[in-house]
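Worksheet for the structure shown next.
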Amino acid sequence: MQALHNMKVLDVSQIMAGPYCTMVLADMGADVIKVEKLNGGDDSRQMGPYVNGESTCFSQINRNKKSISLNLKDERGREIFYQLAADADVIVENYRPGVTKSLSIDYDTIKAINPSIVYCSISGYGQTGPYSHKGGFDLVAQGMTGLMSMTGEPGRRPLKTGIAVYDIGAGITAVYSILAAHIHKMQTGEGQHVDIAITECGLPWFTWEAAAYFSEGTVPEPTGWRHRVSAPYQAVKASDGYLMLGCANQRTWERFCSDVLKTPSLMEDARFLTNFDRGQHVDELEAVLEAMMAERTVDEWLTLCDSAGVPAGPINNFAQALDDEHYLARGMVQEMEHPVIGKMKTIGFPSKFSRTPSEIRSSAPLFAQHTDEVLGDLGMSREQLDNLREEGCIK
């Protein structure tokens, strides 16, 4: 039995943040029904690359779910949704604030049907506040929260991160918030509305930056390949490329000097005595280290660091990362069988449970694949389904 066995989730979200949240819940055993719009379903189904006409983007973050299609603008479609909601534990939606109310599937409406529902809304700016009416996206959040002002090199154009950190971050925030609300529901019987804003979910990640800003008024600036506090905690160049060196404290710095570089005199250099000193003279430090490290390859330095207990690692591209023996040994690359795509690989589960492991029970569903099955479980006959389909209420 999995951790979330018997949890019933209605997923009325699309693209990334909401679907990632519900995929994690599904991976942990929740029964997730994805409710898609009639005209093409989740918009990510129209995002390439494609294999045999199926979107691999959609397929990566919608495994372990069932797909139905409802016209929520139609009263009969809403009545079907209400029947599903009456028996659900969780609803996840990511419409712009106000849309669910116009569709009559908002929290207050559903709460009247199912008072114990945990209803999670994911939006750009949240359900309240002066910006709540705006649409919000990952890149907008990266700019608005200050992340882009810290990313890249000093004096250069602001840079985004390489991945959609705020979309995935909102999904992760929604997961733990839903689970907390679900635990409260188990203890009290009370449901509640969970309000997640994409533009807020990453702010708590800036803990070191907040420490400096709130205490000293220091506004963080881009530091490129370096850490803003510790040194050498950065990318350094060897003879054939770069590696990440993690001397984040005095002990690892001393090990690096004595056991890796075999140059203990560096520890006595007045510029490099303490972490603070090294941070103040990081340009000189980097020049000294890279002159010495040009004598060996990345792999040779990594072997030496490993032996000395100095944290260090390669700077992989994505293909190299997914081929790393450690990630493979820990199941971070999984394979599943898709009815159209065929065999496809996907990213595994970062949480390792000793008793209730996550698993892939099914690939991402085809569009509206489970409409008849799910509605049949509500007691609808074949004739009713045919009529609803003919009248444009379901797909």
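Going by the structure tokens order, chains are called A, B, ..., each with residues numbered from 1, while ligands are numbered from 1 in the order shown.
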Restrict the calculation to only C-alpha atoms, then for each residue of region 167-248 of chain A with any atom at most 7 Å from an atom of region 141-159 of chain A give the closest atom pair and their distance in Å to one decimal, rows by chain and rising residue number, as a tab-separated table.
```
residue	atom	partner	partner_atom	distance
A:Ile198	CA	A:Ala141	CA	6.8
A:Thr199	CA	A:Ala141	CA	4.6
A:Leu203	CA	A:Thr145	CA	6.7
A:Pro220	CA	A:Met150	CA	6.3
A:Glu221	CA	A:Met150	CA	4.8
A:Pro222	CA	A:Met150	CA	3.9
A:Thr223	CA	A:Glu153	CA	5.8
A:Gly224	CA	A:Glu153	CA	4.3
```
Create the file for the chosen residues now, containing N, CA and C atoms and written as a PDB file, in the first residue's frame.
```pdb
ATOM      1  N   ILE A 198       2.489  31.589  -7.362  1.00  0.00           N
ATOM      2  CA  ILE A 198       3.758  31.250  -7.993  1.00  0.00           C
ATOM      3  C   ILE A 198       4.825  32.290  -7.648  1.00  0.00           C
ATOM      4  N   THR A 199       4.435  33.563  -7.601  1.00  0.00           N
ATOM      5  CA  THR A 199       5.404  34.629  -7.364  1.00  0.00           C
ATOM      6  C   THR A 199       5.852  34.728  -5.909  1.00  0.00           C
ATOM      7  N   LEU A 203      10.280  32.911  -2.525  1.00  0.00           N
ATOM      8  CA  LEU A 203      10.882  33.898  -1.619  1.00  0.00           C
ATOM      9  C   LEU A 203      11.509  33.262  -0.373  1.00  0.00           C
ATOM     10  N   PRO A 220      21.498  41.718  -2.447  1.00  0.00           N
ATOM     11  CA  PRO A 220      22.357  40.756  -3.143  1.00  0.00           C
ATOM     12  C   PRO A 220      22.505  41.082  -4.620  1.00  0.00           C
ATOM     13  N   GLU A 221      23.696  40.865  -5.127  1.00  0.00           N
ATOM     14  CA  GLU A 221      23.994  41.104  -6.533  1.00  0.00           C
ATOM     15  C   GLU A 221      24.453  39.800  -7.168  1.00  0.00           C
ATOM     16  N   PRO A 222      24.507  39.743  -8.490  1.00  0.00           N
ATOM     17  CA  PRO A 222      24.945  38.502  -9.141  1.00  0.00           C
ATOM     18  C   PRO A 222      26.392  38.181  -8.812  1.00  0.00           C
ATOM     19  N   THR A 223      26.661  36.904  -8.595  1.00  0.00           N
ATOM     20  CA  THR A 223      28.020  36.458  -8.273  1.00  0.00           C
ATOM     21  C   THR A 223      28.549  35.446  -9.276  1.00  0.00           C
ATOM     22  N   GLY A 224      27.798  35.258 -10.378  1.00  0.00           N
ATOM     23  CA  GLY A 224      28.287  34.368 -11.436  1.00  0.00           C
ATOM     24  C   GLY A 224      28.488  32.951 -10.959  1.00  0.00           C
TER      25      GLY A 224
END
```
* Would you list the contacts of Tyr95 (chain A) as JSON, numbers by chain, taking every protein, DNA or RNA residue within 7 Å and counting only C-alpha atoms, but skipping same-chain residues closer than 3 positions in sequence? => {"A": [99, 100, 123]}
With N, CA and C atoms kept, could you save the residues just selected as an mmCIF file, in the first residue's frame?
```
data_model
loop_
_atom_site.group_PDB
_atom_site.id
_atom_site.type_symbol
_atom_site.label_atom_id
_atom_site.label_comp_id
_atom_site.auth_asym_id
_atom_site.auth_seq_id
_atom_site.Cartn_x
_atom_site.Cartn_y
_atom_site.Cartn_z
ATOM 1 N N VAL A 99 -12.079 33.018 -12.230
ATOM 2 C CA VAL A 99 -12.601 32.135 -13.281
ATOM 3 C C VAL A 99 -13.407 30.997 -12.673
ATOM 4 N N THR A 100 -12.903 30.392 -11.591
ATOM 5 C CA THR A 100 -13.663 29.283 -11.004
ATOM 6 C C THR A 100 -15.027 29.755 -10.503
ATOM 7 N N SER A 123 -2.067 30.187 -8.492
ATOM 8 C CA SER A 123 -2.185 31.282 -9.450
ATOM 9 C C SER A 123 -0.899 32.103 -9.434
#
```
Could you give me, as CSV, a per-residue list for region 235-292 of chain A showing, wherever an atom lies at most 12 Å from an atom of region 304-326 of chain A, the closest pair of atoms and their distance in Å to one decimal, using only C-alpha atoms and sorting by chain then residue number from low to high?
```
residue,atom,partner,partner_atom,distance
A:Ala235,CA,A:Ile315,CA,8.3
A:Val236,CA,A:Ile315,CA,10.2
A:Lys237,CA,A:Ile315,CA,10.8
A:Ala238,CA,A:Pro314,CA,11.0
A:Asp240,CA,A:Pro314,CA,11.7
A:Gly241,CA,A:Ile315,CA,8.8
A:Tyr242,CA,A:Ile315,CA,6.6
A:Leu243,CA,A:Pro314,CA,4.8
A:Met244,CA,A:Gly313,CA,5.2
A:Leu245,CA,A:Ala312,CA,4.6
A:Gly246,CA,A:Pro311,CA,5.0
A:Cys247,CA,A:Val310,CA,6.9
A:Ala248,CA,A:Pro311,CA,8.7
A:Asn249,CA,A:Val310,CA,10.3
A:Gln250,CA,A:Val310,CA,11.2
A:Arg251,CA,A:Val310,CA,9.1
A:Thr252,CA,A:Val310,CA,5.6
A:Trp253,CA,A:Val310,CA,8.0
A:Glu254,CA,A:Val310,CA,9.5
A:Arg255,CA,A:Ala308,CA,6.5
A:Phe256,CA,A:Val310,CA,6.4
A:Cys257,CA,A:Ala308,CA,10.1
A:Ser258,CA,A:Ala308,CA,9.1
A:Asp259,CA,A:Ala308,CA,5.9
A:Val260,CA,A:Leu304,CA,5.7
A:Leu261,CA,A:Leu304,CA,8.7
A:Lys262,CA,A:Leu304,CA,10.5
```
Residues just named, written with N, CA and C atoms as a PDB file, in the first residue's frame:
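Contents of the output file result35.pdb:
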```pdb
ATOM      1  N   ALA A 235      32.859  27.419  -9.164  1.00  0.00           N
ATOM      2  CA  ALA A 235      33.451  26.692 -10.290  1.00  0.00           C
ATOM      3  C   ALA A 235      34.907  27.130 -10.441  1.00  0.00           C
ATOM      4  N   VAL A 236      35.786  26.155 -10.624  1.00  0.00           N
ATOM      5  CA  VAL A 236      37.197  26.451 -10.871  1.00  0.00           C
ATOM      6  C   VAL A 236      37.652  25.676 -12.112  1.00  0.00           C
ATOM      7  N   LYS A 237      38.630  26.218 -12.795  1.00  0.00           N
ATOM      8  CA  LYS A 237      39.068  25.644 -14.067  1.00  0.00           C
ATOM      9  C   LYS A 237      40.247  24.709 -13.858  1.00  0.00           C
ATOM     10  N   ALA A 238      40.139  23.519 -14.420  1.00  0.00           N
ATOM     11  CA  ALA A 238      41.241  22.560 -14.485  1.00  0.00           C
ATOM     12  C   ALA A 238      41.788  22.558 -15.909  1.00  0.00           C
ATOM     13  N   ASP A 240      41.217  20.622 -18.409  1.00  0.00           N
ATOM     14  CA  ASP A 240      40.308  20.235 -19.497  1.00  0.00           C
ATOM     15  C   ASP A 240      38.866  20.670 -19.265  1.00  0.00           C
ATOM     16  N   GLY A 241      38.628  21.583 -18.327  1.00  0.00           N
ATOM     17  CA  GLY A 241      37.260  22.024 -18.083  1.00  0.00           C
ATOM     18  C   GLY A 241      37.103  22.540 -16.665  1.00  0.00           C
ATOM     19  N   TYR A 242      35.850  22.593 -16.219  1.00  0.00           N
ATOM     20  CA  TYR A 242      35.537  23.160 -14.910  1.00  0.00           C
ATOM     21  C   TYR A 242      34.969  22.101 -13.976  1.00  0.00           C
ATOM     22  N   LEU A 243      35.174  22.325 -12.671  1.00  0.00           N
ATOM     23  CA  LEU A 243      34.537  21.513 -11.645  1.00  0.00           C
ATOM     24  C   LEU A 243      34.009  22.434 -10.567  1.00  0.00           C
ATOM     25  N   MET A 244      33.064  21.929  -9.777  1.00  0.00           N
ATOM     26  CA  MET A 244      32.565  22.698  -8.636  1.00  0.00           C
ATOM     27  C   MET A 244      33.348  22.295  -7.398  1.00  0.00           C
ATOM     28  N   LEU A 245      33.869  23.279  -6.705  1.00  0.00           N
ATOM     29  CA  LEU A 245      34.672  23.055  -5.503  1.00  0.00           C
ATOM     30  C   LEU A 245      33.907  23.607  -4.315  1.00  0.00           C
ATOM     31  N   GLY A 246      33.721  22.793  -3.280  1.00  0.00           N
ATOM     32  CA  GLY A 246      32.865  23.186  -2.166  1.00  0.00           C
ATOM     33  C   GLY A 246      33.591  23.345  -0.846  1.00  0.00           C
ATOM     34  N   CYS A 247      34.539  24.245  -0.764  1.00  0.00           N
ATOM     35  CA  CYS A 247      35.196  24.527   0.525  1.00  0.00           C
ATOM     36  C   CYS A 247      34.346  25.533   1.295  1.00  0.00           C
ATOM     37  N   ALA A 248      33.252  25.061   1.819  1.00  0.00           N
ATOM     38  CA  ALA A 248      32.267  25.954   2.436  1.00  0.00           C
ATOM     39  C   ALA A 248      32.593  26.269   3.885  1.00  0.00           C
ATOM     40  N   ASN A 249      33.641  25.668   4.439  1.00  0.00           N
ATOM     41  CA  ASN A 249      34.031  25.977   5.814  1.00  0.00           C
ATOM     42  C   ASN A 249      35.545  25.859   5.947  1.00  0.00           C
ATOM     43  N   GLN A 250      36.066  26.246   7.092  1.00  0.00           N
ATOM     44  CA  GLN A 250      37.514  26.306   7.293  1.00  0.00           C
ATOM     45  C   GLN A 250      38.160  24.930   7.191  1.00  0.00           C
ATOM     46  N   ARG A 251      37.483  23.925   7.728  1.00  0.00           N
ATOM     47  CA  ARG A 251      38.075  22.576   7.726  1.00  0.00           C
ATOM     48  C   ARG A 251      38.266  22.057   6.311  1.00  0.00           C
ATOM     49  N   THR A 252      37.279  22.243   5.447  1.00  0.00           N
ATOM     50  CA  THR A 252      37.444  21.742   4.076  1.00  0.00           C
ATOM     51  C   THR A 252      38.501  22.548   3.323  1.00  0.00           C
ATOM     52  N   TRP A 253      38.606  23.834   3.622  1.00  0.00           N
ATOM     53  CA  TRP A 253      39.669  24.643   3.004  1.00  0.00           C
ATOM     54  C   TRP A 253      41.048  24.115   3.397  1.00  0.00           C
ATOM     55  N   GLU A 254      41.214  23.796   4.667  1.00  0.00           N
ATOM     56  CA  GLU A 254      42.503  23.288   5.132  1.00  0.00           C
ATOM     57  C   GLU A 254      42.824  21.926   4.505  1.00  0.00           C
ATOM     58  N   ARG A 255      41.826  21.068   4.406  1.00  0.00           N
ATOM     59  CA  ARG A 255      42.043  19.778   3.740  1.00  0.00           C
ATOM     60  C   ARG A 255      42.415  19.976   2.276  1.00  0.00           C
ATOM     61  N   PHE A 256      41.750  20.920   1.642  1.00  0.00           N
ATOM     62  CA  PHE A 256      42.034  21.179   0.228  1.00  0.00           C
ATOM     63  C   PHE A 256      43.487  21.632   0.041  1.00  0.00           C
ATOM     64  N   CYS A 257      43.916  22.543   0.889  1.00  0.00           N
ATOM     65  CA  CYS A 257      45.293  23.052   0.769  1.00  0.00           C
ATOM     66  C   CYS A 257      46.325  21.963   1.047  1.00  0.00           C
ATOM     67  N   SER A 258      46.122  21.209   2.136  1.00  0.00           N
ATOM     68  CA  SER A 258      47.140  20.253   2.567  1.00  0.00           C
ATOM     69  C   SER A 258      47.070  18.922   1.824  1.00  0.00           C
ATOM     70  N   ASP A 259      45.864  18.398   1.630  1.00  0.00           N
ATOM     71  CA  ASP A 259      45.736  17.033   1.098  1.00  0.00           C
ATOM     72  C   ASP A 259      45.484  16.970  -0.405  1.00  0.00           C
ATOM     73  N   VAL A 260      44.920  18.044  -0.966  1.00  0.00           N
ATOM     74  CA  VAL A 260      44.621  18.038  -2.408  1.00  0.00           C
ATOM     75  C   VAL A 260      45.690  18.807  -3.174  1.00  0.00           C
ATOM     76  N   LEU A 261      45.896  20.051  -2.805  1.00  0.00           N
ATOM     77  CA  LEU A 261      46.899  20.864  -3.506  1.00  0.00           C
ATOM     78  C   LEU A 261      48.322  20.580  -3.039  1.00  0.00           C
ATOM     79  N   LYS A 262      48.442  19.960  -1.846  1.00  0.00           N
ATOM     80  CA  LYS A 262      49.769  19.706  -1.253  1.00  0.00           C
ATOM     81  C   LYS A 262      50.537  21.013  -1.082  1.00  0.00           C
TER      82      LYS A 262
END
```
* **Surrounding residues of region 179-183 of chain A excluding itself and chain neighbours under 2 positions, 12 Å, only C-alpha atoms, as a ChimeraX atom specification** => /A:3-4,7-9,21-22,24-25,28,30,88-91,116-120,172-177,185-195
* To do: Determine which residues of region 20-113 of chain A DSSP labels as alpha helix (DSSP H) from the backbone of this structure, then write them out as a PyMOL selection string.
  => chain A and resi 20-27+56-60+75-86+99-103+107-113
Selection: 8 Å around Gln2 (chain A), only C-alpha atoms, excl. self and same-chain fewer than 2 positions, as a tab-separated table (two decimals) with N, CA and C atoms, in the first residue's frame:
```tsv
chain	number	residue	atom	x	y	z
A	4	LEU	N	-0.44	7.51	0.07
A	4	LEU	CA	-1.67	8.27	-0.16
A	4	LEU	C	-2.78	7.40	-0.75
A	5	HIS	N	-2.69	6.10	-0.50
A	5	HIS	CA	-3.74	5.18	-0.93
A	5	HIS	C	-5.09	5.66	-0.41
A	28	MET	N	2.63	9.01	-5.13
A	28	MET	CA	2.58	8.50	-3.76
A	28	MET	C	1.29	7.74	-3.46
A	29	GLY	N	0.50	7.50	-4.52
A	29	GLY	CA	-0.64	6.60	-4.38
A	29	GLY	C	-2.01	7.21	-4.50
A	356	THR	N	6.51	2.76	2.03
A	356	THR	CA	5.47	3.11	1.05
A	356	THR	C	6.08	3.80	-0.17
A	357	PRO	N	6.91	3.09	-0.91
A	357	PRO	CA	7.61	3.75	-2.03
A	357	PRO	C	6.68	4.25	-3.12
A	358	SER	N	7.07	5.38	-3.72
A	358	SER	CA	6.36	5.88	-4.89
A	358	SER	C	6.59	4.91	-6.04
```
* To do: Tell me which of A:Leu388, A:Phe367, A:Phe349, A:Ala231 sits closest to Phe276 (chain A), counting only C-alpha atoms.
  =>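 Going through A:Leu388, A:Phe367, A:Phe349, A:Ala231 one by one, the smallest distance to Phe276 (chain A) is for A:Ala231.
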* as a list in words, list the residues of region 130-339 of chain A assigned to strand (DSSP E or B) by DSSP on the backbone atoms of this structure. =>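 These are the residues in question: Gln192, His193, Val194, Asp195, Ile196, Ala197, Arg226, Tyr233, Gln234, Ala235, Val236, Lys237, Ala238, Gly241, Tyr242, Leu243, Met244, Leu245, Gly246, Ala312, Gly313, Pro314, Val333, Gln334, Glu335, Met336, Glu337 and His338 of chain A.
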For Val333 (chain A), list every protein, DNA or RNA residue within 7 Å, evaluated using only C-alpha atoms, and leave out those in the same chain fewer than 5 positions away; present the list as a PDB file with C-alpha atoms, in the first residue's frame.
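result_30.pdb was written with the following content:
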```pdb
ATOM      1  CA  LEU A 322      21.051  11.405 -16.287  1.00  0.00           C
ATOM      2  CA  LEU A 328      20.899   5.498 -11.982  1.00  0.00           C
ATOM      3  CA  LYS A 345      12.057   7.308 -19.902  1.00  0.00           C
ATOM      4  CA  THR A 346      11.070   9.718 -17.166  1.00  0.00           C
ATOM      5  CA  ILE A 347      12.581  11.241 -14.043  1.00  0.00           C
ATOM      6  CA  GLY A 348      12.193   9.151 -10.909  1.00  0.00           C
TER       7      GLY A 348
END
```
* Asked: Pick from A:Ala197, A:Met292, A:Met332, A:Met23: nearest to Tyr131 (chain A), with only C-alpha atoms counted?
  -> A:Ala197
* **Atomic separation - CA of Ile15 (chain A) relative to CA of Met47 (chain A), Å** => 9.3 Å
